[in-house]
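Shown here: structure.csv, CSV, C-alpha atoms and all ligand atoms.
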```csv
chain,number,residue,atom,x,y,z
A,1,MET,CA,-2.8,-34.6,21.7
A,2,ASP,CA,-0.9,-32.2,19.4
A,3,ILE,CA,-3.2,-29.2,19.6
A,4,LEU,CA,-6.1,-28.5,22.0
A,5,LEU,CA,-8.4,-25.6,21.1
A,6,LYS,CA,-10.3,-24.6,24.2
A,7,GLN,CA,-13.8,-23.1,24.1
A,8,VAL,CA,-14.5,-22.6,20.4
A,9,ARG,CA,-17.8,-21.6,18.9
A,10,LEU,CA,-18.8,-24.1,16.3
A,11,ASN,CA,-22.4,-23.1,15.9
A,12,ASP,CA,-24.4,-20.0,17.1
A,13,GLY,CA,-26.8,-20.9,19.9
A,14,GLU,CA,-24.9,-24.0,21.0
A,15,GLU,CA,-22.6,-24.4,23.9
A,16,LEU,CA,-18.8,-23.8,23.4
A,17,LYS,CA,-16.6,-26.9,22.7
A,18,ASP,CA,-13.1,-28.0,23.1
A,19,VAL,CA,-11.5,-29.5,19.9
A,20,GLY,CA,-8.6,-31.9,20.1
A,21,ILE,CA,-6.2,-32.6,17.2
A,22,LYS,CA,-3.7,-35.4,16.8
A,23,GLY,CA,-1.8,-36.9,13.9
A,24,GLY,CA,-3.4,-34.5,11.4
A,25,LYS,CA,-6.9,-35.4,12.4
A,26,ILE,CA,-9.7,-34.0,14.7
A,27,VAL,CA,-9.8,-36.7,17.4
A,28,ALA,CA,-12.2,-35.2,19.9
A,29,ILE,CA,-15.0,-32.5,20.1
A,30,GLU,CA,-16.3,-32.3,23.6
A,31,LYS,CA,-17.7,-29.9,26.2
A,32,GLU,CA,-14.4,-30.2,28.0
A,33,ILE,CA,-11.3,-32.1,27.2
A,34,SER,CA,-8.8,-32.5,30.0
A,35,GLU,CA,-6.2,-34.5,28.2
A,36,GLN,CA,-2.7,-32.9,27.9
A,37,ALA,CA,-1.7,-31.3,24.6
A,38,LYS,CA,1.6,-30.0,23.2
A,39,GLN,CA,-0.1,-26.8,22.3
A,40,VAL,CA,-3.2,-25.3,23.9
A,41,ILE,CA,-5.0,-22.4,22.2
A,42,GLU,CA,-7.5,-20.5,24.3
A,43,ALA,CA,-10.2,-19.5,21.9
A,44,GLN,CA,-12.5,-17.8,24.5
A,45,GLY,CA,-15.6,-18.3,22.5
A,46,ARG,CA,-14.2,-17.4,19.1
A,47,VAL,CA,-15.5,-19.1,16.0
A,48,LEU,CA,-13.7,-22.1,14.5
A,49,VAL,CA,-14.5,-22.9,10.9
A,50,PRO,CA,-13.2,-25.5,8.4
A,51,GLY,CA,-10.3,-24.2,6.2
A,52,PHE,CA,-11.6,-22.0,3.4
A,53,VAL,CA,-11.7,-23.6,-0.1
A,54,GLU,CA,-10.6,-21.4,-3.0
A,55,SER,CA,-12.4,-23.3,-5.7
A,56,HIS,CA,-11.5,-21.2,-8.8
A,57,ILE,CA,-8.3,-19.2,-9.2
A,58,HIS,CA,-5.7,-18.5,-11.8
A,59,LEU,CA,-2.3,-18.4,-10.0
A,60,ASP,CA,-0.4,-18.4,-13.3
A,61,LYS,CA,-1.7,-15.0,-14.4
A,62,ALA,CA,-1.9,-13.3,-11.1
A,63,LEU,CA,-0.3,-9.9,-10.4
A,64,ILE,CA,0.3,-8.6,-13.9
A,65,ALA,CA,-2.2,-5.7,-14.0
A,66,ASN,CA,0.6,-3.1,-13.8
A,67,ARG,CA,2.3,-4.5,-17.0
A,68,LYS,CA,-0.4,-3.7,-19.5
A,69,PRO,CA,-3.8,-2.2,-18.6
A,70,ASN,CA,-7.2,-3.3,-19.9
A,71,LYS,CA,-8.5,0.2,-20.6
A,72,SER,CA,-12.0,-0.6,-21.9
A,73,GLY,CA,-12.5,-3.1,-19.0
A,74,THR,CA,-14.2,-5.6,-21.4
A,75,LEU,CA,-13.6,-9.3,-21.5
A,76,GLN,CA,-12.4,-9.0,-25.1
A,77,GLU,CA,-9.7,-6.6,-24.1
A,78,ALA,CA,-8.8,-8.6,-21.1
A,79,ILE,CA,-8.2,-11.7,-23.3
A,80,LYS,CA,-6.3,-9.6,-25.8
A,81,VAL,CA,-4.1,-7.9,-23.2
A,82,THR,CA,-3.3,-11.2,-21.5
A,83,ALA,CA,-2.5,-12.8,-24.9
A,84,ASP,CA,-0.1,-10.0,-25.7
A,85,LEU,CA,1.7,-10.4,-22.4
A,86,LYS,CA,1.9,-14.2,-22.5
A,87,PRO,CA,5.1,-14.4,-24.6
A,88,THR,CA,6.9,-12.4,-21.9
A,89,PHE,CA,6.1,-15.0,-19.2
A,90,SER,CA,9.1,-17.0,-18.3
A,91,LYS,CA,9.1,-19.9,-15.9
A,92,GLU,CA,10.8,-17.8,-13.2
A,93,ASP,CA,8.3,-15.0,-13.7
A,94,ILE,CA,5.3,-17.3,-13.4
A,95,TYR,CA,6.9,-19.0,-10.4
A,96,GLU,CA,7.5,-15.8,-8.5
A,97,ARG,CA,4.0,-14.3,-9.2
A,98,ALA,CA,2.1,-17.6,-8.4
A,99,LYS,CA,4.2,-17.9,-5.2
A,100,GLN,CA,3.4,-14.4,-4.2
A,101,ALA,CA,-0.3,-15.1,-4.8
A,102,LEU,CA,-0.1,-18.2,-2.6
A,103,GLU,CA,1.6,-16.1,0.1
A,104,MET,CA,-1.4,-13.7,-0.1
A,105,ILE,CA,-4.1,-16.5,-0.1
A,106,ILE,CA,-2.7,-18.9,2.6
A,107,PRO,CA,-2.5,-16.5,5.6
A,108,ARG,CA,-6.1,-15.6,5.0
A,109,GLY,CA,-7.2,-19.1,5.9
A,110,VAL,CA,-7.4,-21.1,2.7
A,111,THR,CA,-6.4,-24.7,3.1
A,112,ALA,CA,-7.4,-26.0,-0.4
A,113,ILE,CA,-7.2,-24.5,-3.8
A,114,ARG,CA,-8.3,-25.5,-7.3
A,115,THR,CA,-6.3,-23.5,-9.8
A,116,HIS,CA,-6.8,-23.4,-13.6
A,117,SER,CA,-3.4,-23.6,-15.3
A,118,GLU,CA,-3.3,-22.8,-18.9
A,119,PHE,CA,-1.2,-23.9,-21.9
A,120,ASP,CA,-1.4,-23.5,-25.7
A,121,PRO,CA,0.8,-24.5,-28.7
A,122,ALA,CA,2.5,-21.0,-28.7
A,123,GLN,CA,3.5,-21.0,-25.0
A,124,GLY,CA,3.8,-24.7,-24.4
A,125,PHE,CA,3.6,-26.0,-20.8
A,126,THR,CA,5.8,-23.2,-19.3
A,127,GLY,CA,3.1,-22.1,-16.7
A,128,PHE,CA,1.6,-25.6,-16.3
A,129,GLU,CA,4.9,-27.2,-15.2
A,130,THR,CA,5.5,-24.3,-12.9
A,131,ILE,CA,2.2,-24.7,-11.1
A,132,LEU,CA,2.7,-28.5,-10.8
A,133,LYS,CA,6.0,-27.7,-9.1
A,134,LEU,CA,4.4,-25.2,-6.7
A,135,LYS,CA,1.7,-27.8,-5.9
A,136,GLU,CA,4.4,-30.0,-4.5
A,137,GLU,CA,6.4,-27.2,-2.8
A,138,TYR,CA,3.3,-26.0,-0.9
A,139,LYS,CA,1.7,-29.3,-0.1
A,140,HIS,CA,2.2,-28.8,3.7
A,141,LEU,CA,0.4,-25.5,3.6
A,142,VAL,CA,-2.4,-26.0,1.1
A,143,ASP,CA,-3.8,-28.8,-1.1
A,144,ILE,CA,-3.7,-27.6,-4.7
A,145,GLN,CA,-5.7,-29.2,-7.5
A,146,VAL,CA,-4.4,-28.3,-11.0
A,147,VAL,CA,-6.9,-28.0,-13.8
A,148,ALA,CA,-5.6,-28.5,-17.4
A,149,PHE,CA,-7.0,-25.3,-18.9
A,150,PRO,CA,-7.1,-24.5,-22.6
A,151,GLN,CA,-7.7,-20.7,-22.3
A,152,GLU,CA,-7.3,-20.0,-26.0
A,153,GLY,CA,-9.8,-22.7,-27.0
A,154,ILE,CA,-9.1,-26.2,-28.3
A,155,PHE,CA,-10.3,-26.1,-32.0
A,156,LYS,CA,-9.3,-22.4,-32.3
A,157,ALA,CA,-5.7,-23.2,-31.3
A,158,PRO,CA,-4.8,-26.3,-33.3
A,159,GLY,CA,-2.5,-28.6,-31.4
A,160,THR,CA,-4.2,-27.9,-28.1
A,161,ASP,CA,-6.2,-31.2,-28.2
A,162,LYS,CA,-3.0,-33.2,-28.1
A,163,MET,CA,-1.7,-31.0,-25.2
A,164,MET,CA,-4.8,-31.7,-23.2
A,165,TYR,CA,-3.9,-35.4,-23.2
A,166,GLU,CA,-0.3,-34.6,-22.4
A,167,ALA,CA,-1.3,-32.3,-19.5
A,168,MET,CA,-3.3,-35.2,-18.0
A,169,GLU,CA,-0.3,-37.5,-18.3
A,170,MET,CA,1.8,-34.8,-16.6
A,171,GLY,CA,-0.4,-34.9,-13.5
A,172,ALA,CA,-3.4,-32.6,-14.0
A,173,ASP,CA,-6.1,-33.4,-11.4
A,174,VAL,CA,-9.0,-32.0,-13.4
A,175,VAL,CA,-10.0,-31.5,-17.1
A,176,GLY,CA,-10.7,-27.9,-17.8
A,177,GLY,CA,-12.4,-26.3,-20.8
A,178,ILE,CA,-13.8,-23.1,-22.1
A,179,PRO,CA,-16.8,-23.8,-24.4
A,180,TYR,CA,-17.7,-20.0,-24.7
A,181,ASN,CA,-14.3,-19.3,-26.3
A,182,ASP,CA,-14.4,-22.1,-28.8
A,183,ALA,CA,-16.5,-23.4,-31.6
A,184,PRO,CA,-18.4,-25.5,-31.9
A,185,ALA,CA,-19.1,-25.4,-28.1
A,186,ASN,CA,-20.8,-28.8,-28.1
A,187,GLU,CA,-17.9,-30.5,-29.7
A,188,HIS,CA,-15.6,-28.8,-27.2
A,189,ILE,CA,-17.7,-30.3,-24.4
A,190,ASP,CA,-17.7,-33.7,-26.1
A,191,LEU,CA,-13.9,-33.8,-26.3
A,192,ILE,CA,-13.6,-32.7,-22.6
A,193,PHE,CA,-15.7,-35.7,-21.6
A,194,GLU,CA,-13.7,-38.0,-23.8
A,195,ILE,CA,-10.5,-36.9,-22.0
A,196,ALA,CA,-12.1,-37.0,-18.5
A,197,LYS,CA,-13.4,-40.5,-19.0
A,198,LYS,CA,-10.1,-41.7,-20.3
A,199,TYR,CA,-8.3,-40.5,-17.2
A,200,ASN,CA,-11.3,-40.9,-14.8
A,201,LYS,CA,-11.0,-37.3,-13.7
A,202,PRO,CA,-13.6,-34.6,-12.8
A,203,ILE,CA,-14.4,-31.7,-15.2
A,204,ASP,CA,-14.3,-27.9,-14.5
A,205,LEU,CA,-15.4,-25.5,-17.2
A,206,HIS,CA,-15.4,-21.8,-17.8
A,207,GLN,CA,-19.0,-21.7,-18.9
A,208,ASP,CA,-21.2,-19.2,-20.6
A,209,PHE,CA,-19.3,-16.1,-19.6
A,210,SER,CA,-21.3,-13.4,-21.4
A,211,ASP,CA,-23.8,-10.6,-20.7
A,212,GLU,CA,-26.3,-12.2,-23.0
A,213,ALA,CA,-27.8,-15.7,-23.2
A,214,ASP,CA,-28.1,-16.1,-27.0
A,215,ASN,CA,-25.4,-18.6,-27.3
A,216,ILE,CA,-25.2,-20.7,-24.2
A,217,SER,CA,-24.1,-24.4,-23.9
A,218,ILE,CA,-25.0,-25.1,-20.3
A,219,GLU,CA,-28.1,-27.1,-21.3
A,220,TYR,CA,-26.0,-29.3,-23.6
A,221,LEU,CA,-23.4,-29.7,-20.8
A,222,CYS,CA,-26.1,-30.8,-18.3
A,223,ARG,CA,-27.6,-33.4,-20.7
A,224,LYS,CA,-24.1,-34.7,-21.6
A,225,THR,CA,-23.2,-34.9,-17.8
A,226,ILE,CA,-26.3,-37.1,-17.2
A,227,GLU,CA,-25.8,-39.2,-20.3
A,228,GLU,CA,-22.2,-39.9,-19.3
A,229,GLY,CA,-23.1,-40.7,-15.7
A,230,TYR,CA,-20.9,-37.8,-14.6
A,231,GLN,CA,-23.4,-36.3,-12.1
A,232,GLY,CA,-21.5,-34.6,-9.2
A,233,ARG,CA,-18.2,-34.6,-11.0
A,234,VAL,CA,-18.7,-31.4,-13.1
A,235,ALA,CA,-18.3,-27.8,-12.0
A,236,VAL,CA,-18.6,-24.6,-13.9
A,237,GLY,CA,-17.3,-21.1,-13.3
A,238,HIS,CA,-18.9,-17.7,-14.3
A,239,LEU,CA,-22.2,-18.9,-15.9
A,240,THR,CA,-23.0,-15.2,-16.0
A,241,ALA,CA,-25.3,-15.5,-19.1
A,242,LEU,CA,-28.0,-17.0,-16.9
A,243,HIS,CA,-28.6,-13.6,-15.3
A,244,ALA,CA,-29.9,-12.4,-18.7
A,245,LEU,CA,-32.8,-15.0,-18.9
A,246,PRO,CA,-36.4,-14.4,-17.8
A,247,LYS,CA,-37.8,-16.7,-15.2
A,248,GLU,CA,-39.7,-19.0,-17.6
A,249,LYS,CA,-36.5,-19.7,-19.5
A,250,LEU,CA,-34.2,-19.8,-16.5
A,251,ASP,CA,-36.2,-22.2,-14.3
A,252,PRO,CA,-35.9,-25.2,-16.6
A,253,ILE,CA,-32.2,-24.7,-17.0
A,254,ILE,CA,-31.7,-24.5,-13.3
A,255,GLN,CA,-33.7,-27.7,-12.9
A,256,LEU,CA,-31.3,-29.4,-15.4
A,257,ILE,CA,-28.3,-28.1,-13.5
A,258,VAL,CA,-29.8,-29.6,-10.3
A,259,GLU,CA,-30.5,-32.9,-12.1
A,260,ALA,CA,-26.9,-33.0,-13.5
A,261,GLN,CA,-25.6,-32.1,-10.0
A,262,ILE,CA,-23.3,-29.5,-11.5
A,263,SER,CA,-21.6,-27.2,-9.0
A,264,VAL,CA,-21.5,-23.5,-9.8
A,265,MET,CA,-18.7,-21.1,-8.9
A,266,ALA,CA,-19.8,-17.5,-8.8
A,267,LEU,CA,-16.9,-15.2,-9.5
A,268,PRO,CA,-18.2,-11.8,-8.6
A,269,ALA,CA,-14.9,-9.9,-8.5
A,270,THR,CA,-14.2,-10.6,-12.1
A,271,ASP,CA,-17.8,-10.6,-13.4
A,272,LEU,CA,-18.7,-7.3,-11.9
A,273,HIS,CA,-15.6,-5.7,-13.4
A,274,LEU,CA,-15.9,-7.1,-16.9
A,275,GLY,CA,-19.7,-7.5,-17.3
A,276,ALA,CA,-22.3,-5.1,-18.6
A,277,ARG,CA,-19.7,-2.7,-20.0
A,278,ASN,CA,-22.1,-1.5,-22.8
A,279,ASP,CA,-25.0,-0.7,-20.5
A,280,THR,CA,-25.4,3.0,-20.2
A,281,TYR,CA,-28.2,3.0,-17.6
A,282,ASN,CA,-29.7,0.4,-15.2
A,283,VAL,CA,-26.3,-1.3,-15.5
A,284,ARG,CA,-26.7,-5.0,-14.9
A,285,ARG,CA,-24.9,-7.0,-12.1
A,286,ALA,CA,-23.7,-9.6,-14.6
A,287,VAL,CA,-23.1,-12.2,-11.9
A,288,THR,CA,-24.7,-15.7,-12.1
A,289,PRO,CA,-28.1,-15.7,-10.2
A,290,ILE,CA,-26.7,-17.0,-6.9
A,291,ARG,CA,-29.9,-16.9,-4.9
A,292,LYS,CA,-32.0,-18.6,-7.5
A,293,LEU,CA,-29.4,-21.4,-8.0
A,294,ARG,CA,-29.0,-21.8,-4.3
A,295,ASP,CA,-32.8,-22.0,-3.7
A,296,ALA,CA,-33.2,-24.6,-6.3
A,297,GLY,CA,-30.6,-26.8,-4.6
A,298,VAL,CA,-27.5,-26.2,-6.8
A,299,ASN,CA,-24.2,-26.6,-5.0
A,300,MET,CA,-23.2,-22.9,-5.0
A,301,CYS,CA,-19.7,-21.7,-4.4
A,302,ILE,CA,-18.0,-18.3,-4.4
A,303,ALA,CA,-14.4,-18.0,-5.7
A,304,THR,CA,-11.9,-15.3,-6.5
A,305,ASN,CA,-10.8,-16.2,-10.1
A,306,ASN,CA,-8.1,-13.6,-10.5
A,307,ILE,CA,-5.9,-11.3,-8.5
A,308,ARG,CA,-4.8,-8.1,-10.2
A,309,ASN,CA,-4.7,-8.7,-13.9
A,310,ALA,CA,-6.6,-7.6,-17.0
A,311,PHE,CA,-9.7,-9.6,-15.9
A,312,THR,CA,-9.7,-8.4,-12.3
A,313,PRO,CA,-7.5,-5.4,-11.5
A,314,TYR,CA,-7.8,-5.7,-7.7
A,315,GLY,CA,-7.9,-8.2,-4.9
A,316,ASN,CA,-5.6,-9.3,-2.1
A,317,GLY,CA,-6.2,-13.0,-2.1
A,318,ASP,CA,-8.7,-12.8,0.8
A,319,ILE,CA,-11.6,-15.1,0.0
A,320,LEU,CA,-13.7,-13.5,2.8
A,321,GLN,CA,-13.5,-10.2,0.8
A,322,THR,CA,-14.8,-12.0,-2.3
A,323,ALA,CA,-17.6,-13.6,-0.2
A,324,MET,CA,-18.4,-10.1,1.3
A,325,LEU,CA,-18.6,-8.7,-2.2
A,326,ALA,CA,-21.2,-11.4,-3.2
A,327,ILE,CA,-23.5,-10.4,-0.3
A,328,PRO,CA,-24.8,-7.1,-1.6
A,329,VAL,CA,-24.4,-8.2,-5.3
A,330,ALA,CA,-26.7,-11.2,-4.9
A,331,HIS,CA,-28.9,-9.9,-2.1
A,332,LEU,CA,-27.5,-12.3,0.4
A,333,GLY,CA,-27.5,-9.9,3.4
A,334,GLY,CA,-31.0,-10.8,4.7
A,335,ALA,CA,-31.7,-12.6,8.0
A,336,ASP,CA,-32.5,-15.8,6.1
A,337,ASP,CA,-29.6,-15.5,3.7
A,338,LEU,CA,-26.5,-14.5,5.6
A,339,HIS,CA,-25.8,-17.9,7.1
A,340,THR,CA,-25.9,-19.5,3.7
A,341,VAL,CA,-22.9,-17.6,2.5
A,342,LEU,CA,-20.1,-19.1,4.7
A,343,PRO,CA,-20.8,-22.6,3.3
A,344,MET,CA,-20.2,-21.2,-0.2
A,345,ILE,CA,-16.5,-20.8,0.7
A,346,THR,CA,-16.3,-23.9,2.9
A,347,ASP,CA,-18.6,-27.0,2.6
A,348,ASN,CA,-20.0,-26.3,-0.8
A,349,PRO,CA,-16.6,-25.9,-2.7
A,350,ALA,CA,-15.2,-28.8,-0.7
A,351,LYS,CA,-18.0,-30.9,-2.2
A,352,ALA,CA,-17.6,-29.4,-5.6
A,353,ILE,CA,-13.9,-30.2,-5.8
A,354,GLY,CA,-14.3,-33.6,-4.1
A,355,LEU,CA,-12.3,-33.0,-0.9
A,356,LYS,CA,-12.5,-36.0,1.4
A,357,ASN,CA,-12.8,-35.9,5.2
A,358,TYR,CA,-13.5,-32.2,5.2
A,359,GLY,CA,-15.3,-30.3,8.0
A,360,ILE,CA,-15.1,-30.1,11.8
A,361,LYS,CA,-16.0,-33.7,12.8
A,362,VAL,CA,-14.2,-36.3,14.7
A,363,GLY,CA,-12.1,-38.3,12.3
A,364,ASN,CA,-11.8,-35.6,9.7
A,365,ASN,CA,-8.7,-33.8,8.6
A,366,ALA,CA,-7.6,-31.1,11.0
A,367,ASP,CA,-7.8,-28.2,8.5
A,368,VAL,CA,-9.4,-25.4,10.5
A,369,VAL,CA,-9.3,-21.7,11.0
A,370,LEU,CA,-9.9,-19.8,14.2
A,371,LEU,CA,-11.6,-16.5,13.5
A,372,ASP,CA,-11.4,-13.4,15.6
A,373,THR,CA,-15.2,-13.1,16.0
A,374,LEU,CA,-17.6,-14.5,18.5
A,375,ILE,CA,-20.7,-15.0,16.2
A,376,LYS,CA,-20.6,-17.5,13.4
A,377,GLU,CA,-23.1,-15.5,11.4
A,378,ASN,CA,-20.7,-12.6,11.4
A,379,ALA,CA,-17.8,-14.8,10.0
A,380,ILE,CA,-17.9,-13.0,6.7
A,381,ILE,CA,-19.3,-9.5,7.4
A,382,ASP,CA,-16.7,-8.9,10.2
A,383,ILE,CA,-13.9,-10.0,7.8
A,384,PRO,CA,-12.2,-11.1,11.0
A,385,GLU,CA,-8.5,-11.7,11.5
A,386,ARG,CA,-7.6,-15.4,10.9
A,387,LEU,CA,-5.9,-15.9,14.3
A,388,TYR,CA,-4.7,-19.5,13.6
A,389,VAL,CA,-4.7,-21.5,10.5
A,390,ILE,CA,-4.2,-25.2,11.1
A,391,LYS,CA,-3.4,-27.5,8.2
A,392,ASN,CA,-3.0,-31.2,8.5
A,393,GLY,CA,-3.0,-30.8,12.3
A,394,LYS,CA,-0.2,-28.3,12.4
A,395,VAL,CA,-0.4,-24.5,13.0
A,396,THR,CA,0.7,-23.1,9.7
A,397,VAL,CA,-0.3,-19.4,10.2
A,398,GLU,CA,-0.7,-17.1,13.2
A,399,ASN,CA,-2.0,-13.6,12.9
A,400,HIS,CA,-2.1,-11.2,15.8
A,401,LYS,CA,-2.9,-7.6,15.3
A,402,GLU,CA,-2.9,-5.1,18.1
A,403,THR,CA,-4.9,-1.9,17.8
A,404,VAL,CA,-4.5,0.9,20.3
A,405,VAL,CA,-6.9,3.8,20.5
A,406,TYR,CA,-5.5,6.8,22.5
A,407,ARG,CA,-8.3,8.9,24.0
B,1,ZN,ZN,-11.4,-18.4,-14.4
```
Please go through the file and, once you have read it, give me the structure as structure tokens.
Ligand SMILES: [Zn+2]
Amino acid sequence: MDILLKQVRLNDGEELKDVGIKGGKIVAIEKEISEQAKQVIEAQGRVLVPGFVESHIHLDKALIANRKPNKSGTLQEAIKVTADLKPTFSKEDIYERAKQALEMIIPRGVTAIRTHSEFDPAQGFTGFETILKLKEEYKHLVDIQVVAFPQEGIFKAPGTDKMMYEAMEMGADVVGGIPYNDAPANEHIDLIFEIAKKYNKPIDLHQDFSDEADNISIEYLCRKTIEEGYQGRVAVGHLTALHALPKEKLDPIIQLIVEAQISVMALPATDLHLGARNDTYNVRRAVTPIRKLRDAGVNMCIATNNIRNAFTPYGNGDILQTAMLAIPVAHLGGADDLHTVLPMITDNPAKAIGLKNYGIKVGNNADVVLLDTLIKENAIIDIPERLYVIKNGKVTVENHKETVVYR
């Protein structure tokens, strides 16, 4: 064996297990494994979880908050500020910042990332090519899926439709889109499906990112997904407009999302910052209704979206912090809720982005994280140290912090 993890906690209330890893795979999970291993890690009851999955992030526009601030804090100014900065982005600049973001994310236990990488006729493929290069450079540390993302819209930025096809030819893994920032939204969605079907790729849209629900296209997207037989291959980020709907209007939409098997990525760090900026009292939470979606059976995920830019001026790349943020925001701290949050950054996003052989089972990929906590239910609220990150059966990260209290 390559690695033997002794006495890990896989589930609360069960006995501790030994986990054996060989050739990049989990080869044994038993009460006691006596076989020799090149490396033995004594876990002493600490929690072992599958590698975290960061299912929605923009590496290409990370770490630019200090260049031009978004003073109003609105989505409109965030888009404007970023558009003003874009012409200053060189390949080297994007490379350095995206790399820095990866170096923040990976030590915190993320072993798979889906990143939206944008392009438009004015900037060309500068950022997109850079992210493809990083995907290759980092493949031993993290699996990166690249979404072809038309941030400025497709019809609003003529020439983008052609670039969408080019991006797929260049190696994009997923077809992205942004119906809320384009018109007509339905035609935007139709075109995304046309491209996705041509290349047989999944779809991931920035969907209905708004405080109000007057102009949503999620219902159309659900119907289109079912009509095209694309159930289980479509994901959406934000979906904040749903929080503005009363129960009688929201319930049928959630049922449609369930039927279309669309995964939803809640992005609380961004949505709380930008949303409800005009509310002067009883300020809304402006995050998609995570609990209601979860309870109806929607595949719910939590993701980071941005690190330190005009959309989200904070963040350190730690997905556990984003999950922690979602707990009070979505009332997920109760006894029946807390254990449902960890899957939102592990199993659920793995399913949403179509990862194969994911999870702690014999035969699956050895992508795991040993947390410095003894109780699985506390895996998020402790924000524990990620003691070991194992990717493809190799230790890729070790964190050991020593704290001394002098009395
Ligand atoms: Zn996004």
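For the residues A:Ala213, A:Val236, A:Leu320, A:Ile381, ranking by smallest atom-to-atom distance to ligand ZN 1 (chain B) using only C-alpha atoms and all ligand atoms places A:Val236 first.
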Interatomic distance between atom CA of Gln321 of chain A and atom CA of Ile94 of chain A?
24.6 Å
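If all atoms listed in the file are the atoms counted, then among A:Ile189, A:Ala241, A:Ala43, A:Val81 the closest residue to Asp372 of chain A is A:Ala43.
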If you count all atoms listed in the file, which residues fall within 6 Å of Leu239 of chain A, apart from same-chain ones fewer than 4 positions away, as a ChimeraX atom specification?
/A:207-209,288
Within 9 Å of ligand ZN 1 (chain B), counting only C-alpha atoms and all ligand atoms, residues as a ChimeraX atom specification:
/A:56-58,115-116,205-206,237-238,267,270,304-306
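We find atom CA of Asp367 of chain A and atom CA of Gln261 of chain A to be spaced 26.0 Å apart.
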May I have the protein, DNA and RNA residues with any atom at most 12 Å from the point (-19.1, -5.3, -15.3), counting only C-alpha atoms, written as an MDAnalysis selection string?
chainID A and resid 72:75 209:211 240 267:280 283:287 311:312 329
Nearest to Asp173 of chain A: which of A:Ala303, A:Ala157, A:Ala83, A:Leu132 is it, counting only C-alpha atoms?
A:Leu132
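Distance-wise, atom CA of Arg114 of chain A and atom CA of Ile319 of chain A end up 13.1 Å apart.
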Skip Leu134 of chain A itself and residues of its chain fewer than 6 positions away, then list as a PyMOL selection string all residues within 12 Å of it, counting only C-alpha atoms.
chain A and resi 59-60+91-92+94-103+113+115+117+127-128+140-146
Nearest to Lys86 of chain A: which of A:Glu169, A:Glu152, A:Glu129, A:Asp190 is it, counting all atoms listed in the file?
A:Glu152
Distance query Glu402 of chain A at most 12 Å, all atoms listed in the file, self and fewer than 2 positions along chain excluded, as number ranges by chain:
A: 385, 387, 399-400, 404-405
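Candidate residues A:Glu227, A:Asp347, A:Glu118, A:Glu219 were compared for distance to Ala185 of chain A, and the nearest is A:Glu219, using only C-alpha atoms.
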Hey, what's within 9 Å of Val298 of chain A if we count all atoms listed in the file and toss same-chain stuff fewer than 4 positions away? As a PDB file with C-alpha atoms, in the frame of the given file, please?
```pdb
ATOM      1  CA  ILE A 254     -31.700 -24.500 -13.300  1.00  0.00           C
ATOM      2  CA  GLN A 255     -33.700 -27.700 -12.900  1.00  0.00           C
ATOM      3  CA  ILE A 257     -28.300 -28.100 -13.500  1.00  0.00           C
ATOM      4  CA  VAL A 258     -29.800 -29.600 -10.300  1.00  0.00           C
ATOM      5  CA  GLN A 261     -25.600 -32.100 -10.000  1.00  0.00           C
ATOM      6  CA  ILE A 262     -23.300 -29.500 -11.500  1.00  0.00           C
ATOM      7  CA  SER A 263     -21.600 -27.200  -9.000  1.00  0.00           C
ATOM      8  CA  VAL A 264     -21.500 -23.500  -9.800  1.00  0.00           C
ATOM      9  CA  LYS A 292     -32.000 -18.600  -7.500  1.00  0.00           C
ATOM     10  CA  LEU A 293     -29.400 -21.400  -8.000  1.00  0.00           C
ATOM     11  CA  ARG A 294     -29.000 -21.800  -4.300  1.00  0.00           C
TER      12      ARG A 294
END
```
Residues within 10 Å of (1.3, -23.8, 16.9), file coords, all atoms listed in the file, listed as a ChimeraX atom specification
/A:2-3,38-41,388-390,393-398
For a quick check of understanding, using all atoms listed in the file, which of A:Arg308, A:Lys376, A:His331, A:Arg223 has the smallest distance to Asn70 of chain A?
A:Arg308
Write only C-alpha atoms for segment 267-289 of chain A from the block just shown, as a PDB file, in the first residue's frame.
```
ATOM      1  CA  LEU A 267     -23.154  31.624  -3.542  1.00  0.00           C
ATOM      2  CA  PRO A 268     -23.756  33.346  -0.200  1.00  0.00           C
ATOM      3  CA  ALA A 269     -20.487  35.301   0.013  1.00  0.00           C
ATOM      4  CA  THR A 270     -21.325  37.237  -3.138  1.00  0.00           C
ATOM      5  CA  ASP A 271     -25.089  37.336  -2.867  1.00  0.00           C
ATOM      6  CA  LEU A 272     -25.099  38.722   0.675  1.00  0.00           C
ATOM      7  CA  HIS A 273     -22.640  41.436  -0.344  1.00  0.00           C
ATOM      8  CA  LEU A 274     -24.416  42.604  -3.503  1.00  0.00           C
ATOM      9  CA  GLY A 275     -28.028  41.796  -2.749  1.00  0.00           C
ATOM     10  CA  ALA A 276     -30.782  43.909  -1.228  1.00  0.00           C
ATOM     11  CA  ARG A 277     -28.677  47.071  -1.410  1.00  0.00           C
ATOM     12  CA  ASN A 278     -31.781  49.268  -1.722  1.00  0.00           C
ATOM     13  CA  ASP A 279     -33.548  47.855   1.313  1.00  0.00           C
ATOM     14  CA  THR A 280     -33.542  50.433   4.105  1.00  0.00           C
ATOM     15  CA  TYR A 281     -35.072  48.208   6.787  1.00  0.00           C
ATOM     16  CA  ASN A 282     -35.796  44.475   7.150  1.00  0.00           C
ATOM     17  CA  VAL A 283     -32.902  44.007   4.752  1.00  0.00           C
ATOM     18  CA  ARG A 284     -33.364  40.765   2.808  1.00  0.00           C
ATOM     19  CA  ARG A 285     -30.889  37.899   2.845  1.00  0.00           C
ATOM     20  CA  ALA A 286     -30.850  37.742  -0.946  1.00  0.00           C
ATOM     21  CA  VAL A 287     -29.589  34.162  -1.065  1.00  0.00           C
ATOM     22  CA  THR A 288     -31.416  31.405  -2.924  1.00  0.00           C
ATOM     23  CA  PRO A 289     -33.782  29.508  -0.565  1.00  0.00           C
TER      24      PRO A 289
END
```
